[in-house]
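For reference, protein.pdb (PDB, N, CA and C atoms):
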ATOM      1  N   MET U1485       9.776   7.399 -12.170
ATOM      2  CA  MET U1485       9.310   6.031 -11.968
ATOM      3  C   MET U1485       8.498   5.973 -10.677
ATOM      4  N   SER U1486       7.413   5.288 -10.738
ATOM      5  CA  SER U1486       6.543   5.152  -9.574
ATOM      6  C   SER U1486       7.025   4.027  -8.669
ATOM      7  N   ALA U1487       6.591   4.071  -7.443
ATOM      8  CA  ALA U1487       6.936   3.029  -6.483
ATOM      9  C   ALA U1487       5.661   2.414  -5.932
ATOM     10  N   PHE U1488       5.744   1.127  -5.656
ATOM     11  CA  PHE U1488       4.620   0.391  -5.108
ATOM     12  C   PHE U1488       5.083  -0.402  -3.899
ATOM     13  N   LEU U1489       4.224  -0.465  -2.894
ATOM     14  CA  LEU U1489       4.506  -1.176  -1.659
ATOM     15  C   LEU U1489       3.612  -2.412  -1.590
ATOM     16  N   ARG U1490       4.226  -3.551  -1.269
ATOM     17  CA  ARG U1490       3.476  -4.805  -1.124
ATOM     18  C   ARG U1490       2.457  -4.642   0.007
ATOM     19  N   CYS U1491       1.247  -5.165  -0.201
ATOM     20  CA  CYS U1491       0.190  -5.027   0.792
ATOM     21  C   CYS U1491      -0.832  -6.150   0.664
ATOM     22  N   GLN U1492      -1.790  -6.150   1.550
ATOM     23  CA  GLN U1492      -2.957  -7.021   1.496
ATOM     24  C   GLN U1492      -4.161  -6.117   1.237
ATOM     25  N   VAL U1493      -5.057  -6.562   0.349
ATOM     26  CA  VAL U1493      -6.198  -5.750  -0.066
ATOM     27  C   VAL U1493      -7.497  -6.469   0.264
ATOM     28  N   GLY U1494      -8.416  -5.743   0.879
ATOM     29  CA  GLY U1494      -9.750  -6.249   1.177
ATOM     30  C   GLY U1494     -10.782  -5.236   0.709
ATOM     31  N   PRO U1495     -12.046  -5.588   0.781
ATOM     32  CA  PRO U1495     -13.082  -4.649   0.345
ATOM     33  C   PRO U1495     -13.161  -3.440   1.271
ATOM     34  N   GLY U1496     -13.498  -2.300   0.704
ATOM     35  CA  GLY U1496     -13.674  -1.088   1.492
ATOM     36  C   GLY U1496     -15.095  -0.958   1.983
ATOM     37  N   MET U1497     -15.362   0.157   2.637
ATOM     38  CA  MET U1497     -16.700   0.408   3.161
ATOM     39  C   MET U1497     -17.632   0.972   2.085
ATOM     40  N   PHE U1498     -17.044   1.603   1.065
ATOM     41  CA  PHE U1498     -17.832   2.254   0.031
ATOM     42  C   PHE U1498     -17.412   1.763  -1.346
ATOM     43  N   SER U1499     -18.232   1.992  -2.325
ATOM     44  CA  SER U1499     -17.920   1.639  -3.704
ATOM     45  C   SER U1499     -16.686   2.423  -4.158
ATOM     46  N   GLY U1500     -15.764   1.754  -4.864
ATOM     47  CA  GLY U1500     -14.563   2.416  -5.356
ATOM     48  C   GLY U1500     -13.468   2.569  -4.319
ATOM     49  N   GLU U1501     -13.622   1.912  -3.180
ATOM     50  CA  GLU U1501     -12.664   2.024  -2.088
ATOM     51  C   GLU U1501     -12.230   0.621  -1.670
ATOM     52  N   VAL U1502     -10.979   0.499  -1.218
ATOM     53  CA  VAL U1502     -10.482  -0.765  -0.691
ATOM     54  C   VAL U1502      -9.817  -0.537   0.653
ATOM     55  N   ALA U1503      -9.746  -1.604   1.432
ATOM     56  CA  ALA U1503      -9.008  -1.597   2.698
ATOM     57  C   ALA U1503      -7.631  -2.166   2.411
ATOM     58  N   VAL U1504      -6.607  -1.513   2.928
ATOM     59  CA  VAL U1504      -5.221  -1.926   2.686
ATOM     60  C   VAL U1504      -4.540  -2.170   4.024
ATOM     61  N   ARG U1505      -3.777  -3.261   4.093
ATOM     62  CA  ARG U1505      -2.946  -3.576   5.257
ATOM     63  C   ARG U1505      -1.519  -3.778   4.791
ATOM     64  N   GLY U1506      -0.577  -3.294   5.577
ATOM     65  CA  GLY U1506       0.831  -3.484   5.266
ATOM     66  C   GLY U1506       1.628  -3.614   6.549
ATOM     67  N   LYS U1507       2.952  -3.816   6.387
ATOM     68  CA  LYS U1507       3.833  -3.948   7.550
ATOM     69  C   LYS U1507       4.947  -2.921   7.474
ATOM     70  N   THR U1508       5.262  -2.362   8.619
ATOM     71  CA  THR U1508       6.385  -1.437   8.716
ATOM     72  C   THR U1508       7.682  -2.236   8.791
ATOM     73  N   ALA U1509       8.798  -1.535   8.742
ATOM     74  CA  ALA U1509      10.100  -2.184   8.848
ATOM     75  C   ALA U1509      10.261  -2.889  10.197
ATOM     76  N   GLU U1510       9.582  -2.410  11.229
ATOM     77  CA  GLU U1510       9.655  -3.018  12.554
ATOM     78  C   GLU U1510       8.740  -4.224  12.700
ATOM     79  N   GLY U1511       7.871  -4.459  11.678
ATOM     80  CA  GLY U1511       6.975  -5.606  11.721
ATOM     81  C   GLY U1511       5.588  -5.312  12.247
ATOM     82  N   THR U1512       5.311  -4.056  12.613
ATOM     83  CA  THR U1512       3.963  -3.710  13.056
ATOM     84  C   THR U1512       3.080  -3.459  11.842
ATOM     85  N   GLU U1513       1.790  -3.723  11.996
ATOM     86  CA  GLU U1513       0.856  -3.528  10.891
ATOM     87  C   GLU U1513       0.329  -2.103  10.850
ATOM     88  N   PHE U1514       0.017  -1.654   9.638
ATOM     89  CA  PHE U1514      -0.720  -0.411   9.464
ATOM     90  C   PHE U1514      -1.878  -0.711   8.530
ATOM     91  N   SER U1515      -2.918   0.111   8.601
ATOM     92  CA  SER U1515      -4.085  -0.103   7.751
ATOM     93  C   SER U1515      -4.718   1.237   7.394
ATOM     94  N   LEU U1516      -5.386   1.247   6.251
ATOM     95  CA  LEU U1516      -6.051   2.451   5.774
ATOM     96  C   LEU U1516      -7.049   2.091   4.690
ATOM     97  N   PHE U1517      -7.960   3.008   4.416
ATOM     98  CA  PHE U1517      -8.860   2.899   3.278
ATOM     99  C   PHE U1517      -8.367   3.867   2.219
ATOM    100  N   VAL U1518      -8.339   3.424   0.945
ATOM    101  CA  VAL U1518      -7.946   4.294  -0.159
ATOM    102  C   VAL U1518      -8.831   4.015  -1.364
ATOM    103  N   ALA U1519      -8.852   4.967  -2.292
ATOM    104  CA  ALA U1519      -9.558   4.751  -3.555
ATOM    105  C   ALA U1519      -8.913   3.583  -4.294
ATOM    106  N   ASP U1520      -9.727   2.795  -4.929
ATOM    107  CA  ASP U1520      -9.284   1.619  -5.672
ATOM    108  C   ASP U1520      -8.210   1.967  -6.706
ATOM    109  N   ASP U1521      -8.185   3.204  -7.184
ATOM    110  CA  ASP U1521      -7.212   3.638  -8.198
ATOM    111  C   ASP U1521      -5.766   3.564  -7.720
ATOM    112  N   TYR U1522      -5.534   3.590  -6.421
ATOM    113  CA  TYR U1522      -4.179   3.591  -5.875
ATOM    114  C   TYR U1522      -3.607   2.193  -5.655
ATOM    115  N   VAL U1523      -4.398   1.159  -5.934
ATOM    116  CA  VAL U1523      -3.997  -0.204  -5.600
ATOM    117  C   VAL U1523      -4.099  -1.093  -6.837
ATOM    118  N   GLU U1524      -3.117  -1.994  -6.974
ATOM    119  CA  GLU U1524      -3.133  -2.992  -8.040
ATOM    120  C   GLU U1524      -3.203  -4.373  -7.415
ATOM    121  N   TYR U1525      -4.141  -5.194  -7.888
ATOM    122  CA  TYR U1525      -4.287  -6.567  -7.415
ATOM    123  C   TYR U1525      -5.012  -7.360  -8.492
ATOM    124  N   ASP U1526      -4.811  -8.679  -8.488
ATOM    125  CA  ASP U1526      -5.345  -9.517  -9.554
ATOM    126  C   ASP U1526      -6.704 -10.120  -9.249
ATOM    127  N   ALA U1527      -6.909 -10.584  -8.047
ATOM    128  CA  ALA U1527      -8.142 -11.281  -7.693
ATOM    129  C   ALA U1527      -9.073 -10.346  -6.928
ATOM    130  N   PRO U1528     -10.377 -10.595  -6.998
ATOM    131  CA  PRO U1528     -11.302  -9.784  -6.202
ATOM    132  C   PRO U1528     -11.035  -9.977  -4.712
ATOM    133  N   ALA U1529     -11.117  -8.902  -3.968
ATOM    134  CA  ALA U1529     -10.872  -8.957  -2.527
ATOM    135  C   ALA U1529     -12.152  -9.337  -1.801
ATOM    136  N   ALA U1530     -12.048 -10.292  -0.891
ATOM    137  CA  ALA U1530     -13.174 -10.697  -0.044
ATOM    138  C   ALA U1530     -12.813 -10.385   1.400
ATOM    139  N   SER U1531     -13.814 -10.051   2.198
ATOM    140  CA  SER U1531     -13.524  -9.677   3.586
ATOM    141  C   SER U1531     -12.884 -10.815   4.371
ATOM    142  N   SER U1532     -13.230 -12.049   4.037
ATOM    143  CA  SER U1532     -12.660 -13.179   4.766
ATOM    144  C   SER U1532     -11.287 -13.591   4.248
ATOM    145  N   HIS U1533     -10.954 -13.197   3.018
ATOM    146  CA  HIS U1533      -9.673 -13.575   2.416
ATOM    147  C   HIS U1533      -9.066 -12.393   1.659
ATOM    148  N   PRO U1534      -8.317 -11.536   2.346
ATOM    149  CA  PRO U1534      -7.639 -10.445   1.628
ATOM    150  C   PRO U1534      -6.693 -11.027   0.581
ATOM    151  N   VAL U1535      -6.449 -10.260  -0.462
ATOM    152  CA  VAL U1535      -5.578 -10.710  -1.547
ATOM    153  C   VAL U1535      -4.292  -9.894  -1.542
ATOM    154  N   ASP U1536      -3.239 -10.482  -2.126
ATOM    155  CA  ASP U1536      -1.979  -9.763  -2.262
ATOM    156  C   ASP U1536      -2.130  -8.655  -3.285
ATOM    157  N   GLY U1537      -1.496  -7.528  -3.018
ATOM    158  CA  GLY U1537      -1.561  -6.421  -3.949
ATOM    159  C   GLY U1537      -0.405  -5.460  -3.742
ATOM    160  N   TRP U1538      -0.499  -4.336  -4.439
ATOM    161  CA  TRP U1538       0.525  -3.282  -4.390
ATOM    162  C   TRP U1538      -0.175  -1.937  -4.297
ATOM    163  N   ILE U1539       0.269  -1.096  -3.366
ATOM    164  CA  ILE U1539      -0.293   0.246  -3.222
ATOM    165  C   ILE U1539       0.737   1.267  -3.728
ATOM    166  N   HIS U1540       0.264   2.232  -4.484
ATOM    167  CA  HIS U1540       1.127   3.281  -5.023
ATOM    168  C   HIS U1540       1.561   4.209  -3.898
ATOM    169  N   VAL U1541       2.875   4.451  -3.800
ATOM    170  CA  VAL U1541       3.438   5.301  -2.741
ATOM    171  C   VAL U1541       4.434   6.283  -3.330
ATOM    172  N   ASP U1542       4.718   7.334  -2.575
ATOM    173  CA  ASP U1542       5.792   8.267  -2.896
ATOM    174  C   ASP U1542       6.974   7.952  -1.993
ATOM    175  N   VAL U1543       8.146   7.761  -2.581
ATOM    176  CA  VAL U1543       9.347   7.497  -1.795
ATOM    177  C   VAL U1543       9.939   8.823  -1.349
ATOM    178  N   LEU U1544      10.131   8.974  -0.039
ATOM    179  CA  LEU U1544      10.679  10.203   0.516
ATOM    180  C   LEU U1544      12.168  10.080   0.817
ATOM    181  N   ALA U1545      12.616   8.879   1.214
ATOM    182  CA  ALA U1545      14.038   8.665   1.540
ATOM    183  C   ALA U1545      14.342   7.171   1.513
ATOM    184  N   ARG U1546      15.611   6.855   1.205
ATOM    185  CA  ARG U1546      16.104   5.473   1.225
ATOM    186  C   ARG U1546      17.459   5.463   1.900
ATOM    187  N   GLU U1547      17.625   4.518   2.830
ATOM    188  CA  GLU U1547      18.925   4.407   3.497
ATOM    189  C   GLU U1547      19.027   3.063   4.206
ATOM    190  N   GLY U1548      20.129   2.365   3.967
ATOM    191  CA  GLY U1548      20.448   1.151   4.693
ATOM    192  C   GLY U1548      19.378   0.076   4.675
ATOM    193  N   GLY U1549      18.749  -0.158   3.555
ATOM    194  CA  GLY U1549      17.731  -1.194   3.458
ATOM    195  C   GLY U1549      16.352  -0.767   3.915
ATOM    196  N   LEU U1550      16.201   0.511   4.265
ATOM    197  CA  LEU U1550      14.911   1.035   4.693
ATOM    198  C   LEU U1550      14.434   2.106   3.719
ATOM    199  N   VAL U1551      13.127   2.216   3.585
ATOM    200  CA  VAL U1551      12.526   3.210   2.696
ATOM    201  C   VAL U1551      11.416   3.927   3.455
ATOM    202  N   LEU U1552      11.475   5.250   3.460
ATOM    203  CA  LEU U1552      10.407   6.065   4.027
ATOM    204  C   LEU U1552       9.448   6.402   2.904
ATOM    205  N   VAL U1553       8.174   6.015   3.046
ATOM    206  CA  VAL U1553       7.191   6.253   1.987
ATOM    207  C   VAL U1553       6.021   7.067   2.524
ATOM    208  N   ARG U1554       5.407   7.813   1.604
ATOM    209  CA  ARG U1554       4.161   8.519   1.902
ATOM    210  C   ARG U1554       3.038   7.748   1.221
ATOM    211  N   LEU U1555       2.049   7.367   1.994
ATOM    212  CA  LEU U1555       0.900   6.621   1.497
ATOM    213  C   LEU U1555      -0.131   7.581   0.902
ATOM    214  N   PRO U1556      -1.032   7.082   0.052
ATOM    215  CA  PRO U1556      -2.037   7.958  -0.547
ATOM    216  C   PRO U1556      -3.192   8.312   0.394
ATOM    217  N   GLY U1557      -3.114   7.907   1.626
ATOM    218  CA  GLY U1557      -4.123   8.235   2.623
ATOM    219  C   GLY U1557      -3.538   8.072   4.011
ATOM    220  N   GLN U1558      -4.281   8.493   5.005
ATOM    221  CA  GLN U1558      -3.796   8.418   6.378
ATOM    222  C   GLN U1558      -4.118   7.065   6.985
ATOM    223  N   THR U1559      -3.133   6.482   7.665
ATOM    224  CA  THR U1559      -3.361   5.216   8.347
ATOM    225  C   THR U1559      -4.181   5.448   9.605
ATOM    226  N   PHE U1560      -4.769   4.375  10.115
ATOM    227  CA  PHE U1560      -5.487   4.475  11.380
ATOM    228  C   PHE U1560      -4.517   4.601  12.545
ATOM    229  N   GLU U1561      -3.286   4.106  12.351
ATOM    230  CA  GLU U1561      -2.333   4.025  13.449
ATOM    231  C   GLU U1561      -1.439   5.249  13.601
ATOM    232  N   ASN U1562      -0.875   5.783  12.464
ATOM    233  CA  ASN U1562       0.154   6.806  12.659
ATOM    234  C   ASN U1562       0.419   7.706  11.460
ATOM    235  N   GLY U1563      -0.558   8.255  10.845
ATOM    236  CA  GLY U1563      -0.335   9.247   9.794
ATOM    237  C   GLY U1563      -0.136   8.666   8.413
ATOM    238  N   ARG U1564       0.455   9.471   7.526
ATOM    239  CA  ARG U1564       0.608   9.097   6.113
ATOM    240  C   ARG U1564       1.973   8.549   5.751
ATOM    241  N   THR U1565       2.951   8.616   6.648
ATOM    242  CA  THR U1565       4.280   8.121   6.312
ATOM    243  C   THR U1565       4.623   6.906   7.168
ATOM    244  N   VAL U1566       5.276   5.933   6.530
ATOM    245  CA  VAL U1566       5.746   4.734   7.230
ATOM    246  C   VAL U1566       7.122   4.367   6.689
ATOM    247  N   THR U1567       7.905   3.728   7.529
ATOM    248  CA  THR U1567       9.200   3.204   7.111
ATOM    249  C   THR U1567       9.039   1.708   6.894
ATOM    250  N   VAL U1568       9.464   1.250   5.695
ATOM    251  CA  VAL U1568       9.319  -0.151   5.317
ATOM    252  C   VAL U1568      10.667  -0.690   4.857
ATOM    253  N   ARG U1569      10.772  -2.001   4.742
ATOM    254  CA  ARG U1569      11.994  -2.613   4.212
ATOM    255  C   ARG U1569      12.020  -2.433   2.699
ATOM    256  N   ASP U1570      13.201  -2.217   2.133
ATOM    257  CA  ASP U1570      13.296  -1.970   0.687
ATOM    258  C   ASP U1570      12.852  -3.166  -0.150
ATOM    259  N   CYS U1571      12.903  -4.379   0.385
ATOM    260  CA  CYS U1571      12.459  -5.556  -0.373
ATOM    261  C   CYS U1571      10.946  -5.581  -0.549
ATOM    262  N   GLU U1572      10.215  -4.727   0.173
ATOM    263  CA  GLU U1572       8.759  -4.640   0.049
ATOM    264  C   GLU U1572       8.330  -3.581  -0.963
ATOM    265  N   VAL U1573       9.289  -2.845  -1.523
ATOM    266  CA  VAL U1573       8.992  -1.767  -2.472
ATOM    267  C   VAL U1573       9.469  -2.164  -3.855
ATOM    268  N   GLU U1574       8.632  -1.873  -4.836
ATOM    269  CA  GLU U1574       8.973  -2.161  -6.231
ATOM    270  C   GLU U1574       8.856  -0.863  -7.034
ATOM    271  N   PHE U1575       9.871  -0.595  -7.852
ATOM    272  CA  PHE U1575       9.876   0.612  -8.683
ATOM    273  C   PHE U1575       9.502   0.214 -10.099
ATOM    274  N   ARG U1576       8.374   0.738 -10.595
ATOM    275  CA  ARG U1576       7.890   0.427 -11.941
ATOM    276  C   ARG U1576       6.821   1.438 -12.326
ATOM    277  N   PRO U1577       6.504   1.478 -13.614
ATOM    278  CA  PRO U1577       5.442   2.405 -14.036
ATOM    279  C   PRO U1577       4.089   2.016 -13.455
ATOM    280  N   ARG U1578       3.285   2.995 -13.218
ATOM    281  CA  ARG U1578       1.923   2.774 -12.717
ATOM    282  C   ARG U1578       1.022   2.380 -13.879
ATOM    283  N   HIS U1579       0.199   1.349 -13.681
ATOM    284  CA  HIS U1579      -0.767   0.939 -14.708
ATOM    285  C   HIS U1579      -1.858   1.972 -14.777
ATOM    286  N   GLU U1580      -2.181   2.420 -15.968
ATOM    287  CA  GLU U1580      -3.231   3.417 -16.143
ATOM    288  C   GLU U1580      -4.557   2.723 -16.455
ATOM    289  N   ALA U1581      -5.630   3.210 -15.870
ATOM    290  CA  ALA U1581      -6.956   2.657 -16.145
ATOM    291  C   ALA U1581      -7.368   3.001 -17.573
ATOM    292  N   VAL U1582      -8.045   2.063 -18.238
ATOM    293  CA  VAL U1582      -8.519   2.308 -19.606
ATOM    294  C   VAL U1582      -9.984   2.564 -19.641
TER     295      VAL U1582
END
Serialized structure, structure tokens:
Amino acid sequence: MSAFLRCQVGPGMFSGEVAVRGKTAEGTEFSLFVADDYVEYDAPAASSHPVDGWIHVDVLAREGGLVLVRLPGQTFENGRTVTVRDCEVEFRPRHEAV
């Protein structure tokens, strides 16, 4: 089963790319650019109004309400892994592009 992390999605710098923002368990923000394939969202993202979305992640560990995840790209702040609250992670199948 795949895991998804709640995030905010905005337009990327290049075609097929989006900007993603999320929060760690401590409440600090992280951000990264990833291919659009790794993110699910309903509305088009505008630079002035990011939209709610979900980024596909790999779960590395879970303990005491915290989840260590590996992101599909490197953050600007601190690498590819972040610790988030378990209420921000959803376990479900990944939607496949048609």
Taking 3 positions as the minimum chain separation for residues in the same chain, which residues sit within 6.5 Å of segment 1550-1554 of chain U when counting all atoms listed in the file? Answer as a PDB file with N, CA and C atoms, in the coordinates of the input.
ATOM      1  N   HIS U1540       0.264   2.232  -4.484  1.00  0.00           N
ATOM      2  CA  HIS U1540       1.127   3.281  -5.023  1.00  0.00           C
ATOM      3  C   HIS U1540       1.561   4.209  -3.898  1.00  0.00           C
ATOM      4  N   VAL U1541       2.875   4.451  -3.800  1.00  0.00           N
ATOM      5  CA  VAL U1541       3.438   5.301  -2.741  1.00  0.00           C
ATOM      6  C   VAL U1541       4.434   6.283  -3.330  1.00  0.00           C
ATOM      7  N   ASP U1542       4.718   7.334  -2.575  1.00  0.00           N
ATOM      8  CA  ASP U1542       5.792   8.267  -2.896  1.00  0.00           C
ATOM      9  C   ASP U1542       6.974   7.952  -1.993  1.00  0.00           C
ATOM     10  N   VAL U1543       8.146   7.761  -2.581  1.00  0.00           N
ATOM     11  CA  VAL U1543       9.347   7.497  -1.795  1.00  0.00           C
ATOM     12  C   VAL U1543       9.939   8.823  -1.349  1.00  0.00           C
ATOM     13  N   LEU U1544      10.131   8.974  -0.039  1.00  0.00           N
ATOM     14  CA  LEU U1544      10.679  10.203   0.516  1.00  0.00           C
ATOM     15  C   LEU U1544      12.168  10.080   0.817  1.00  0.00           C
ATOM     16  N   ALA U1545      12.616   8.879   1.214  1.00  0.00           N
ATOM     17  CA  ALA U1545      14.038   8.665   1.540  1.00  0.00           C
ATOM     18  C   ALA U1545      14.342   7.171   1.513  1.00  0.00           C
ATOM     19  N   ARG U1546      15.611   6.855   1.205  1.00  0.00           N
ATOM     20  CA  ARG U1546      16.104   5.473   1.225  1.00  0.00           C
ATOM     21  C   ARG U1546      17.459   5.463   1.900  1.00  0.00           C
ATOM     22  N   GLU U1547      17.625   4.518   2.830  1.00  0.00           N
ATOM     23  CA  GLU U1547      18.925   4.407   3.497  1.00  0.00           C
ATOM     24  C   GLU U1547      19.027   3.063   4.206  1.00  0.00           C
ATOM     25  N   GLY U1557      -3.114   7.907   1.626  1.00  0.00           N
ATOM     26  CA  GLY U1557      -4.123   8.235   2.623  1.00  0.00           C
ATOM     27  C   GLY U1557      -3.538   8.072   4.011  1.00  0.00           C
ATOM     28  N   ARG U1564       0.455   9.471   7.526  1.00  0.00           N
ATOM     29  CA  ARG U1564       0.608   9.097   6.113  1.00  0.00           C
ATOM     30  C   ARG U1564       1.973   8.549   5.751  1.00  0.00           C
ATOM     31  N   THR U1565       2.951   8.616   6.648  1.00  0.00           N
ATOM     32  CA  THR U1565       4.280   8.121   6.312  1.00  0.00           C
ATOM     33  C   THR U1565       4.623   6.906   7.168  1.00  0.00           C
ATOM     34  N   VAL U1566       5.276   5.933   6.530  1.00  0.00           N
ATOM     35  CA  VAL U1566       5.746   4.734   7.230  1.00  0.00           C
ATOM     36  C   VAL U1566       7.122   4.367   6.689  1.00  0.00           C
ATOM     37  N   THR U1567       7.905   3.728   7.529  1.00  0.00           N
ATOM     38  CA  THR U1567       9.200   3.204   7.111  1.00  0.00           C
ATOM     39  C   THR U1567       9.039   1.708   6.894  1.00  0.00           C
ATOM     40  N   VAL U1568       9.464   1.250   5.695  1.00  0.00           N
ATOM     41  CA  VAL U1568       9.319  -0.151   5.317  1.00  0.00           C
ATOM     42  C   VAL U1568      10.667  -0.690   4.857  1.00  0.00           C
ATOM     43  N   ARG U1569      10.772  -2.001   4.742  1.00  0.00           N
ATOM     44  CA  ARG U1569      11.994  -2.613   4.212  1.00  0.00           C
ATOM     45  C   ARG U1569      12.020  -2.433   2.699  1.00  0.00           C
ATOM     46  N   ASP U1570      13.201  -2.217   2.133  1.00  0.00           N
ATOM     47  CA  ASP U1570      13.296  -1.970   0.687  1.00  0.00           C
ATOM     48  C   ASP U1570      12.852  -3.166  -0.150  1.00  0.00           C
TER      49      ASP U1570
END
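Atom CA of Ser1515 of chain U lies 17.4 Å from atom C of Pro1528 of chain U.
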Practice task
Pick out the residues sitting within 8 Å of Gln1492 of chain U, and hand them over as a ChimeraX atom specification; count all atoms listed in the file, and ignore anything fewer than 3 positions along from it in its own chain.
Solution key: /U:1489,1495,1502-1507,1533-1539
Calculate, to one decimal in Å, the centre and edge lengths of the box along x, y and z of the file that holds all listed atoms of segment 1502-1520 of chain U with 4 Å of margin on each side, and present them as JSON.
{"center_x": -0.4, "center_y": -0.3, "center_z": 3.2, "size_x": 29.2, "size_y": 18.6, "size_z": 27.8}
Exercise for the section: Dump as a VMD selection string all residues having an atom at most 8 Å from (-9.9, 4.2, -4.0), computed in the file's coordinates with only N, CA and C atoms. Expected result: chain U and resid 1499 to 1503 1517 to 1523
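Atom CA of Phe1488 of chain U sits 18.3 Å away from atom N of Phe1560 of chain U.
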Practice task
To one decimal in Å, tell me the separation between atom CA of Thr1559 of chain U and atom C of Leu1516 of chain U.
Solution key: 6.1 Å
Practice task
Could you give me the residues within chain U that DSSP places in strand (DSSP E or B), as a PyMOL selection string?
Solution key: chain U and resi 1487-1495+1501-1507+1513-1519+1523-1525+1530+1533+1535-1547+1550-1559+1563-1569+1573-1575
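Using all atoms listed in the file, the smallest distance between any of U:Glu1574, U:Ala1509, U:Val1493, U:Phe1514 and Asn1562 of chain U comes from U:Phe1514.
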